[in-house]
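A short worksheet on the structure shown next.
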Amino acid sequence: MQQDSSEHYLLRDLNPQQQDAVRHVHGPLLILAGAGSGKTTVITRRIAWLIDEEGIPPASILAVTFTNKAADEMRERVQRLVSVPAQQLWVSTFHSFCTRILRREGDRTPVGRDFVIFDPSDQKSLVKQVLAELKLPEKQFHPKKVLELISDFKNRCLLPEEAREEAMDPWTRKLMDAYELYQKGLKNSRACDFDDLLLHTERLFRDGALQEVYAQRFQFLLVDEYQDTNRAQYLLVQHLAKRHHNLCVVGDEDQSIYGWRGADIRNILDFQRDFPEAMQIKLEQNYRSTQKILDAASTVIANNTQRLGKTLWTDRGSGDYLTFKLVDEGRLEADWVVQRVIEEKQSFPGVRIAVLYRANWQSRQLEEALRAVNLPYKLVGGVKFYERQEVKDLLSYLRLVANPFDLTSFRRAVNAPSRGVGPTTLAKIEAAIPEGGTPLEGMAVLLRSGALKGRAQRELGKWVELFRRVSHEREHLGLAALVRWMLVESGYAQSLEDEGTLEAEGRLRNLEEFVSAATEAESLGLRLPEFLDRVTLASDADDVEEAAQLSLMTIHCAKGLEFPVVFVVGMEEDVFPNRNARETDEGLEEERRLFYVAITRAQRKLYLTAARRRRIFGTEMLGMPSRFLRELPAETLASPIRWGTELYQAEQGAYAAPPNLARGGGTLSVSSELQRIRGFFDRVKGIAEREEPDEAAAALPQATASISKAATAWANGTRVTSPRFGRGMIVASTGSGDGLTYTVRFADCGEKRIVQRFGMLEQE
DNA sequence: CCTCACTGCATTTTT
DNA sequence: TGCAGTGAGG
C-alpha cells in the first residue's frame, strides 16, 4: 500500500514528510514549513489529492492565502494537477474571500451588498473629516496614529462600543468618539475599509445558521501563512472549522513579520492547544539555498525565544561564503552594490538578482546609482499605480457609479477637474442631502433651490446630468467602454489635454493604461463592482515580476520569493533593526525574523552591506553596524567582521581623504570626519575610554575644544554633557551659526534637539 | 475659490 | 530630501 502510493504522481519526488502532508485528509493538520521547503508544492498537491484521490468536490474546498498572486498561482497549479475543472475551488486572499461573502450576505451588515472598499487614502480623508468634526487637533490626534488605533481594535474584532470598555483615560475616550464617528462615516458612504471586510464577515459568521451554511459548504479548509493571521482572521477560520475540523494550516513561526498589522504569532504557536488531536508535520529539508546560507539563517533565528523550533538542512552542498561590506557612506553602498551586480551578471548571464531593504526610502539611492550606469531594474512597491492622483480621480467617478452613497468619492470627483467647488459649497451640498439620500441627490436639491450662482449652477447642473446619463449608458456599455465613456464625458480627459504639459501627458497615458486594465478585466468577465474590488485589493506583492533580472523591494515584499543572488543593504542599527522596533523584545524578535526571511531568499549568494554614515532626510546620520551582523557565524563569512580597531584601520586610507567629500562638496571637514570615526568607533567597541588621539586629530583645534562656543559644528558621534539631560552623544546636526542645532541622544532620556547657542553643551 | 510659495516635519513594514 | 499642510495674494 505504502509502496504503491509513493509511486503516485502526486507523491513523486516528495520527501516522507511532504508525502505525509499530501496524504493527510481528515482532521486538523499543522504543517510547519521552513523557508524553501517546498511548501507550495505540498499545498497544491494536497488539494489535488483531495480532489482526485478522495473525490472531494472542488467547491467544498477553501484555500486562503495572503496575496492575490499566491492565490492565482495556487489555483493554476492545482488546475494543472487535477483531471476535473477546478473553477469551483475557492482560492483567495482573506480579504477577497470576505468581500465575496459580504457581496452575497451583506444585507445583514450595516453597509449592505453594494459597498465600496476604502483604500488607505480614503480612510485618511474620512478620519480627517471626523477629527475636524470632533474638533480634535490633528497635532495631538495624528490621523495616521488614529487610524492605526482604529485598525488595532478592528483586528481584534472590537466595535466602538466594545472598544470603549477598554478605554479608561480621557485621551483614549476621545479616540473612541473618533472611532465611532468614523464607522458612522463608513456606514453613510456604504463603505468598508480593509479591516471591515474581515470584521463584518466575522460578525456574520457568529450567526449560527449562517455559519452552518458556510461550514457545510467548505468541508476542507486550508490556510497559508498561518503565522500572519490576526485575531479576526483566526476567529473566521475557527467559525468555519468548528464543525468538521478539516483544517490544514501551513506556516512558519520564524517568518511571522506582520505583528505590526495585528498578526498574532500565538495563533500558530497555540494551534496544538486549539486542536489537541492535530497532526503536526515539520518540513525542514530546504531545496533552495546552500548550507552556508542556511547555517547563517539558523544561527540568527536561534536567538529568538518565540518559536516552535525547526532546523533547516539541505543536500545541496555548502556553497559560497556570505560577503559583508562596510562602506563609508550610503552612496558608496549603492555604488558597491551596483558594481557587484555588474560582476554577477557578467559571470552568470541572465542571473536573477534582488536587492532587499528594510524600508522603501532606501531604494532611492540605489535607483540613482543604477540609473547612472543604465542598469535596468524593477522596483516593487512605492507609489502604487492605482494610488496615482489621476487614477484615483477617475476611480472616484466609477465608484460613485457603483455606489452613489460614497461621499468621499463624491468630494473628490466633484472637483476633478476643478469646478470651483470649495468647502463652502460642499458644506451646502452635504446639508442638502435628504435623509438616507445620496450626495448627488443633495446636489440636485441645491440646484433646484437656486442657491448657486451662474457658473457653478451651470457646471454642476451638467454634472448631475452626467450621472443621470450614466445609469442608462451602463446597461449597454461593457466595462472598458464604460470607463472610457466616463473619462471623456466627465471632461477629465479634456482638462488634461488642455493643460498641454508633459506631466499631463503622462497622466493621460496612465489613464490609457487604466482603460486597458479594464479591458483585461472585462475579458475575464468582471463587472464594475468586481473590477473596483480588485483594483483596491491589489497589492505590491501582486506585481512582482519574478522573471525580472534585477528587483528592488522591501524584505516584506520578498517573502515567498527566491533569488540566486540577494543583497541586503542598510545593515545598521536603527535602520535594520528599525529604530521603532528596538524598544521591545517582541519588536526585536520580529526584526530578527525579518532578517531571517531576507537571508533565506538567497539561493547561492548573499551580500550584506552597511554604511557608517548616511543621509537620512537631509541630515547626516551616523550609523552603528546592525546587531544582527554579530549574530552571523564567522564560519559562514568570507572574511571575519572585526569589531574594534581593525574595522577601521583596514580602510584608514579612505578616511585620510574621503573621496565622497570632494565629490559632494559637503560641509564636512576632515577633522569632523575624524571625530566621527572616533565616536563611531567608541560605540562599536561599547567603551567609554578613548584612545590616544593620533597626530592628525591632535593637530585640530576641535579635537580638544571643550566649550560650546566652538566655531565649527561638532561632528556626529561627539560625546557631550548637558546640564539638563546629562551625558549623551551627537547623532545629527542642522543649521549653522546661531541656528546650529544638534540632535543629541542622551543616555537617560532619549533624543533631544538642542540649539547649540542655548543648550550649554560641553564636550566630554 | 484657486494657486503658489513657504515652512516644518517626517519614514517602517501592507491586505 | 521631499512632501503635505498652511497662509497670503490674485
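Every chain in the C-alpha cells takes a letter, A first, then B, and so on in the order presented; its residues are numbered from 1, and the ligands are numbered from 1 following the presented order.
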Counting only C-alpha atoms (C1' of nucleotides), what are the residues of chain A within 10 Å of chain B, and for each of them which pair of atoms is the nearest and at what distance in Å, to one decimal? Sort the table by chain and rising number, as a Markdown table.
| residue | atom | partner | partner_atom | distance |
| --- | --- | --- | --- | --- |
| A:Phe66 | CA | B:DT15 | C1' | 7.1 |
| A:Thr67 | CA | B:DT15 | C1' | 7.4 |
| A:Asn68 | CA | B:DT15 | C1' | 9.5 |
| A:Thr93 | CA | B:DT15 | C1' | 8.3 |
| A:Phe94 | CA | B:DT15 | C1' | 8.2 |
| A:His95 | CA | B:DT15 | C1' | 6.7 |
| A:Ser96 | CA | B:DT15 | C1' | 9.4 |
| A:Phe194 | CA | B:DT15 | C1' | 6.9 |
| A:Asp195 | CA | B:DT15 | C1' | 8.7 |
| A:Ile257 | CA | B:DT13 | C1' | 8.2 |
| A:Tyr258 | CA | B:DT13 | C1' | 7.6 |
| A:Gly259 | CA | B:DT13 | C1' | 9.7 |
| A:Trp260 | CA | B:DT13 | C1' | 7.9 |
| A:Arg261 | CA | B:DT14 | C1' | 8.0 |
| A:Arg358 | CA | B:DT12 | C1' | 7.4 |
| A:Ala359 | CA | B:DT12 | C1' | 5.8 |
| A:Asn360 | CA | B:DT11 | C1' | 8.1 |
| A:Trp361 | CA | B:DT11 | C1' | 6.9 |
| A:Gln362 | CA | B:DT11 | C1' | 9.6 |
| A:Gly381 | CA | B:DT14 | C1' | 9.9 |
| A:Ser418 | CA | B:DC2 | C1' | 9.0 |
| A:Arg419 | CA | B:DC1 | C1' | 9.8 |
| A:Gly420 | CA | B:DC1 | C1' | 6.2 |
| A:Val421 | CA | B:DC1 | C1' | 7.6 |
| A:Gly422 | CA | B:DC1 | C1' | 6.3 |
| A:Pro423 | CA | B:DC1 | C1' | 9.1 |
| A:Thr424 | CA | B:DC1 | C1' | 9.4 |
| A:Thr536 | CA | B:DT15 | C1' | 9.8 |
| A:Leu537 | CA | B:DT15 | C1' | 6.9 |
| A:Ala538 | CA | B:DT15 | C1' | 8.3 |
| A:Ser539 | CA | B:DT15 | C1' | 7.2 |
| A:Asp540 | CA | B:DT14 | C1' | 8.1 |
| A:Ala541 | CA | B:DT14 | C1' | 9.0 |
| A:Thr554 | CA | B:DT13 | C1' | 7.9 |
| A:Ile555 | CA | B:DT13 | C1' | 8.3 |
| A:His556 | CA | B:DT13 | C1' | 6.3 |
| A:Cys557 | CA | B:DT14 | C1' | 8.8 |
| A:Val575 | CA | B:DT12 | C1' | 8.9 |
| A:Phe576 | CA | B:DT12 | C1' | 9.8 |
| A:Pro577 | CA | B:DT12 | C1' | 10.0 |
| A:Asn578 | CA | B:DT12 | C1' | 6.8 |
| A:Arg579 | CA | B:DT12 | C1' | 8.7 |
| A:Asn580 | CA | B:DT12 | C1' | 7.7 |
| A:Ala581 | CA | B:DT12 | C1' | 9.0 |
| A:Glu591 | CA | B:DT13 | C1' | 10.0 |
| A:Leu594 | CA | B:DT13 | C1' | 9.6 |
| A:Ile616 | CA | B:DT11 | C1' | 9.3 |
| A:Phe617 | CA | B:DA10 | C1' | 8.4 |
*For chain A, work out the contacting residues on chain C at 12 Å, counting only C-alpha atoms (C1' of nucleotides), and write them as a list in words.*
DT1, DG2, DC3 and DG5 of chain C
Pick out each residue of range 431-673 of chain A that DSSP on the backbone tags as strand (DSSP E or B); I need them as a CSV table (one decimal) with all heavy atoms, in the first residue's frame.
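Result file follows (out-v6.csv):
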chain,number,residue,atom,x,y,z
A,550,LEU,N,16.7,42.2,-12.3
A,550,LEU,CA,17.1,42.9,-11.1
A,550,LEU,C,15.9,43.5,-10.4
A,550,LEU,O,15.3,44.4,-11.0
A,550,LEU,CB,18.2,43.9,-11.4
A,550,LEU,CG,18.7,44.8,-10.3
A,550,LEU,CD1,19.3,43.9,-9.2
A,550,LEU,CD2,19.7,45.8,-10.8
A,551,SER,N,15.6,43.1,-9.2
A,551,SER,CA,14.5,43.6,-8.5
A,551,SER,C,14.9,44.3,-7.2
A,551,SER,O,15.8,43.9,-6.5
A,551,SER,CB,13.5,42.5,-8.1
A,551,SER,OG,13.2,41.7,-9.2
A,552,LEU,N,14.3,45.4,-7.0
A,552,LEU,CA,14.5,46.2,-5.7
A,552,LEU,C,13.2,46.1,-4.9
A,552,LEU,O,12.1,46.5,-5.5
A,552,LEU,CB,14.8,47.6,-6.0
A,552,LEU,CG,16.2,48.1,-6.3
A,552,LEU,CD1,16.9,47.2,-7.3
A,552,LEU,CD2,16.2,49.5,-6.7
A,553,MET,N,13.2,45.7,-3.7
A,553,MET,CA,12.0,45.6,-2.9
A,553,MET,C,12.3,45.5,-1.4
A,553,MET,O,13.4,45.3,-1.0
A,553,MET,CB,11.1,44.4,-3.4
A,553,MET,CG,11.7,43.1,-3.1
A,553,MET,SD,10.7,41.8,-3.8
A,553,MET,CE,11.5,41.5,-5.3
A,554,THR,N,11.2,45.8,-0.6
A,554,THR,CA,11.4,45.6,0.8
A,554,THR,C,11.4,44.1,1.1
A,554,THR,O,11.0,43.3,0.3
A,554,THR,CB,10.2,46.2,1.6
A,554,THR,OG1,9.0,45.5,1.2
A,554,THR,CG2,10.0,47.7,1.3
A,563,PHE,N,15.8,34.1,-5.0
A,563,PHE,CA,16.7,34.7,-6.0
A,563,PHE,C,18.1,34.0,-5.8
A,563,PHE,O,18.5,33.8,-4.7
A,563,PHE,CB,16.8,36.2,-5.8
A,563,PHE,CG,15.5,36.9,-5.8
A,563,PHE,CD1,14.8,37.1,-4.6
A,563,PHE,CD2,15.0,37.4,-7.0
A,563,PHE,CE1,13.6,37.8,-4.6
A,563,PHE,CE2,13.8,38.1,-7.0
A,563,PHE,CZ,13.1,38.3,-5.8
A,564,PRO,N,18.7,33.7,-7.0
A,564,PRO,CA,20.1,33.2,-6.9
A,564,PRO,C,21.0,34.1,-6.1
A,564,PRO,O,21.8,33.6,-5.3
A,564,PRO,CB,20.5,33.0,-8.3
A,564,PRO,CG,19.2,32.9,-9.1
A,564,PRO,CD,18.2,33.7,-8.3
A,565,VAL,N,20.9,35.4,-6.3
A,565,VAL,CA,21.8,36.3,-5.7
A,565,VAL,C,20.9,37.4,-4.9
A,565,VAL,O,20.0,38.0,-5.5
A,565,VAL,CB,22.7,37.0,-6.7
A,565,VAL,CG1,23.6,38.1,-6.0
A,565,VAL,CG2,23.5,36.0,-7.5
A,566,VAL,N,21.3,37.6,-3.7
A,566,VAL,CA,20.5,38.6,-2.9
A,566,VAL,C,21.4,39.5,-2.2
A,566,VAL,O,22.5,39.1,-1.6
A,566,VAL,CB,19.6,37.8,-1.8
A,566,VAL,CG1,19.1,38.8,-0.8
A,566,VAL,CG2,18.5,37.0,-2.5
A,567,PHE,N,21.1,40.8,-2.2
A,567,PHE,CA,21.8,41.8,-1.4
A,567,PHE,C,20.8,42.3,-0.3
A,567,PHE,O,19.6,42.5,-0.6
A,567,PHE,CB,22.1,43.0,-2.3
A,567,PHE,CG,23.2,42.8,-3.3
A,567,PHE,CD1,22.8,42.2,-4.6
A,567,PHE,CD2,24.5,43.1,-3.1
A,567,PHE,CE1,23.8,41.9,-5.5
A,567,PHE,CE2,25.5,42.9,-4.1
A,567,PHE,CZ,25.1,42.3,-5.3
A,568,VAL,N,21.3,42.4,0.9
A,568,VAL,CA,20.6,43.1,1.9
A,568,VAL,C,21.3,44.3,2.3
A,568,VAL,O,22.5,44.2,2.8
A,568,VAL,CB,20.3,42.2,3.1
A,568,VAL,CG1,19.4,42.9,4.1
A,568,VAL,CG2,19.7,40.8,2.7
A,572,GLU,N,22.3,48.4,9.5
A,572,GLU,CA,22.7,49.3,10.6
A,572,GLU,C,21.7,49.4,11.6
A,572,GLU,O,20.5,49.3,11.3
A,572,GLU,CB,22.9,50.7,10.0
A,572,GLU,CG,24.0,50.8,9.0
A,572,GLU,CD,23.6,51.6,7.8
A,572,GLU,OE1,23.0,52.6,7.9
A,572,GLU,OE2,23.8,51.1,6.7
A,574,ASP,N,19.0,50.9,13.9
A,574,ASP,CA,18.0,51.9,13.7
A,574,ASP,C,17.5,51.9,12.3
A,574,ASP,O,16.5,52.6,12.0
A,574,ASP,CB,18.5,53.3,14.1
A,574,ASP,CG,18.7,53.5,15.6
A,574,ASP,OD1,18.3,52.5,16.3
A,574,ASP,OD2,19.1,54.5,16.0
A,578,ASN,N,14.9,48.2,12.7
A,578,ASN,CA,14.3,49.5,12.7
A,578,ASN,C,14.2,50.2,14.0
A,578,ASN,O,14.0,49.5,15.0
A,578,ASN,CB,12.9,49.4,12.1
A,578,ASN,CG,12.2,50.7,11.8
A,578,ASN,OD1,11.8,51.4,12.7
A,578,ASN,ND2,12.2,51.1,10.6
A,602,ALA,N,17.9,33.9,-0.4
A,602,ALA,CA,19.1,33.7,-1.3
A,602,ALA,C,19.3,32.2,-1.6
A,602,ALA,O,19.2,31.4,-0.8
A,602,ALA,CB,20.3,34.3,-0.7
A,603,GLN,N,19.5,31.9,-2.9
A,603,GLN,CA,19.8,30.6,-3.3
A,603,GLN,C,21.3,30.2,-3.2
A,603,GLN,O,21.6,29.2,-2.7
A,603,GLN,CB,19.2,30.3,-4.7
A,603,GLN,CG,17.7,30.3,-4.8
A,603,GLN,CD,17.2,30.3,-6.2
A,603,GLN,OE1,17.5,31.2,-7.0
A,603,GLN,NE2,16.4,29.3,-6.5
A,604,ARG,N,22.1,31.1,-3.8
A,604,ARG,CA,23.5,30.7,-3.7
A,604,ARG,C,24.5,31.8,-3.3
A,604,ARG,O,25.6,31.5,-2.8
A,604,ARG,CB,23.9,30.2,-5.1
A,604,ARG,CG,24.2,31.2,-6.1
A,604,ARG,CD,24.8,30.7,-7.4
A,604,ARG,NE,24.7,31.7,-8.4
A,604,ARG,CZ,25.4,32.8,-8.5
A,604,ARG,NH1,26.3,33.1,-7.6
A,604,ARG,NH2,25.2,33.7,-9.5
A,605,LYS,N,24.0,33.0,-3.3
A,605,LYS,CA,25.0,34.1,-2.9
A,605,LYS,C,24.3,35.2,-2.2
A,605,LYS,O,23.2,35.7,-2.6
A,605,LYS,CB,25.7,34.7,-4.2
A,605,LYS,CG,26.7,35.7,-3.9
A,605,LYS,CD,28.0,35.1,-3.3
A,605,LYS,CE,28.8,36.2,-2.6
A,605,LYS,NZ,29.8,35.7,-1.7
A,606,LEU,N,24.8,35.5,-1.0
A,606,LEU,CA,24.2,36.5,-0.2
A,606,LEU,C,25.2,37.6,0.2
A,606,LEU,O,26.3,37.3,0.7
A,606,LEU,CB,23.7,35.9,1.1
A,606,LEU,CG,23.0,36.9,2.1
A,606,LEU,CD1,21.8,37.5,1.5
A,606,LEU,CD2,22.7,36.1,3.4
A,607,TYR,N,24.9,38.9,-0.2
A,607,TYR,CA,25.7,40.0,0.2
A,607,TYR,C,25.0,40.8,1.2
A,607,TYR,O,23.8,41.1,1.1
A,607,TYR,CB,25.9,40.9,-1.1
A,607,TYR,CG,26.8,40.3,-2.2
A,607,TYR,CD1,26.1,39.7,-3.3
A,607,TYR,CD2,28.2,40.4,-2.2
A,607,TYR,CE1,26.9,39.2,-4.3
A,607,TYR,CE2,28.9,39.9,-3.2
A,607,TYR,CZ,28.3,39.3,-4.3
A,607,TYR,OH,29.0,38.8,-5.3
A,608,LEU,N,25.8,41.3,2.2
A,608,LEU,CA,25.2,42.2,3.2
A,608,LEU,C,26.0,43.5,3.2
A,608,LEU,O,27.3,43.4,3.1
A,608,LEU,CB,25.3,41.6,4.6
A,608,LEU,CG,24.6,40.2,4.7
A,608,LEU,CD1,25.0,39.5,6.0
A,608,LEU,CD2,23.1,40.3,4.6
A,609,THR,N,25.4,44.6,3.3
A,609,THR,CA,26.2,45.9,3.3
A,609,THR,C,25.7,46.8,4.5
A,609,THR,O,24.5,46.7,4.9
A,609,THR,CB,26.0,46.6,2.0
A,609,THR,OG1,24.7,47.0,1.8
A,609,THR,CG2,26.5,45.8,0.8
A,610,ALA,N,26.6,47.6,4.9
A,610,ALA,CA,26.2,48.7,5.9
A,610,ALA,C,27.1,49.9,5.5
A,610,ALA,O,28.1,49.8,4.9
A,610,ALA,CB,26.6,48.2,7.3
A,611,ALA,N,26.6,51.0,6.0
A,611,ALA,CA,27.3,52.3,5.8
A,611,ALA,C,27.5,53.0,7.1
A,611,ALA,O,26.6,52.9,8.0
A,611,ALA,CB,26.5,53.2,4.8
A,612,ARG,N,28.7,53.5,7.3
A,612,ARG,CA,29.0,54.2,8.5
A,612,ARG,C,28.2,55.5,8.7
A,612,ARG,O,27.8,55.9,9.7
A,612,ARG,CB,30.5,54.6,8.6
A,612,ARG,CG,31.4,53.4,8.6
A,612,ARG,CD,32.8,53.9,8.7
A,612,ARG,NE,33.7,52.8,9.0
A,612,ARG,CZ,34.4,52.2,8.1
A,612,ARG,NH1,34.3,52.6,6.8
A,612,ARG,NH2,35.2,51.2,8.4
A,613,ARG,N,28.0,56.1,7.5
A,613,ARG,CA,27.3,57.4,7.5
A,613,ARG,C,26.2,57.3,6.5
A,613,ARG,O,26.4,56.7,5.4
A,613,ARG,CB,28.2,58.5,7.1
A,613,ARG,CG,28.6,59.4,8.2
A,613,ARG,CD,29.6,60.5,7.7
A,613,ARG,NE,30.6,60.1,6.9
A,613,ARG,CZ,30.8,60.5,5.6
A,613,ARG,NH1,29.9,61.3,5.0
A,613,ARG,NH2,31.8,60.0,4.9
A,614,ARG,N,25.1,58.1,6.7
A,614,ARG,CA,24.1,58.0,5.7
A,614,ARG,C,23.3,59.3,5.8
A,614,ARG,O,23.0,59.8,6.9
A,614,ARG,CB,23.2,56.8,6.0
A,614,ARG,CG,22.2,56.4,5.0
A,614,ARG,CD,21.4,55.3,5.5
A,614,ARG,NE,22.1,54.0,5.5
A,614,ARG,CZ,22.4,53.3,4.4
A,614,ARG,NH1,22.0,53.8,3.2
A,614,ARG,NH2,23.0,52.2,4.5
A,615,ARG,N,22.9,59.8,4.7
A,615,ARG,CA,22.0,61.0,4.7
A,615,ARG,C,20.5,60.5,4.9
A,615,ARG,O,20.0,59.8,4.0
A,615,ARG,CB,22.1,61.7,3.4
A,615,ARG,CG,23.2,62.7,3.4
A,615,ARG,CD,23.1,63.6,2.1
A,615,ARG,NE,22.5,64.8,2.4
A,615,ARG,CZ,23.1,65.9,3.0
A,615,ARG,NH1,24.3,65.8,3.4
A,615,ARG,NH2,22.4,67.0,3.1
A,616,ILE,N,19.9,60.8,6.0
A,616,ILE,CA,18.5,60.4,6.1
A,616,ILE,C,17.8,61.7,6.3
A,616,ILE,O,18.0,62.5,7.1
A,616,ILE,CB,18.3,59.6,7.4
A,616,ILE,CG1,19.1,58.3,7.2
A,616,ILE,CG2,16.9,59.2,7.6
A,616,ILE,CD1,18.9,57.2,8.3
A,619,THR,N,19.9,65.2,6.7
A,619,THR,CA,20.9,65.3,7.7
A,619,THR,C,21.8,64.1,7.7
A,619,THR,O,21.3,63.0,7.5
A,619,THR,CB,20.4,65.6,9.1
A,619,THR,OG1,19.3,64.7,9.3
A,619,THR,CG2,20.0,67.0,9.2
A,620,GLU,N,23.0,64.3,7.9
A,620,GLU,CA,24.0,63.2,8.1
A,620,GLU,C,23.6,62.4,9.3
A,620,GLU,O,23.6,63.0,10.4
A,620,GLU,CB,25.4,63.7,8.2
A,620,GLU,CG,26.0,64.2,6.9
A,620,GLU,CD,26.4,63.1,6.0
A,620,GLU,OE1,26.6,62.0,6.5
A,620,GLU,OE2,26.5,63.3,4.7
A,621,MET,N,23.5,61.1,9.2
A,621,MET,CA,23.3,60.3,10.4
A,621,MET,C,24.4,59.3,10.5
A,621,MET,O,24.9,58.8,9.5
A,621,MET,CB,21.9,59.6,10.3
A,621,MET,CG,20.7,60.5,10.3
A,621,MET,SD,20.5,61.5,11.8
A,621,MET,CE,19.8,60.3,12.9
A,622,LEU,N,24.8,59.1,11.7
A,622,LEU,CA,25.9,58.2,12.0
A,622,LEU,C,25.3,56.8,12.3
A,622,LEU,O,24.4,56.8,13.2
A,622,LEU,CB,26.7,58.7,13.1
A,622,LEU,CG,28.0,58.0,13.3
A,622,LEU,CD1,29.0,58.4,12.2
A,622,LEU,CD2,28.6,58.3,14.7
A,625,PRO,N,26.9,49.4,13.2
A,625,PRO,CA,26.5,48.2,12.5
A,625,PRO,C,25.4,47.4,13.2
A,625,PRO,O,25.3,47.4,14.4
A,625,PRO,CB,27.8,47.4,12.6
A,625,PRO,CG,28.9,48.4,12.8
A,625,PRO,CD,28.3,49.5,13.5
A,637,LEU,N,31.2,33.5,6.8
A,637,LEU,CA,31.6,34.7,6.2
A,637,LEU,C,32.9,34.6,5.5
A,637,LEU,O,33.8,33.9,5.9
A,637,LEU,CB,31.7,35.8,7.2
A,637,LEU,CG,30.3,36.3,7.8
A,637,LEU,CD1,30.5,36.9,9.1
A,637,LEU,CD2,29.7,37.3,6.8
*asked:* With DSSP run on the backbone, what are the alpha helix (DSSP H) residues within range 281-451 of chain A? I'd like them as a ChimeraX atom specification.
replied: /A:291-301,330-347,363-372,389-402,407-414,423-432,439-449
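Here CA of Gln227 in chain A and CA of Leu532 in chain A stand 29.0 Å from one another.
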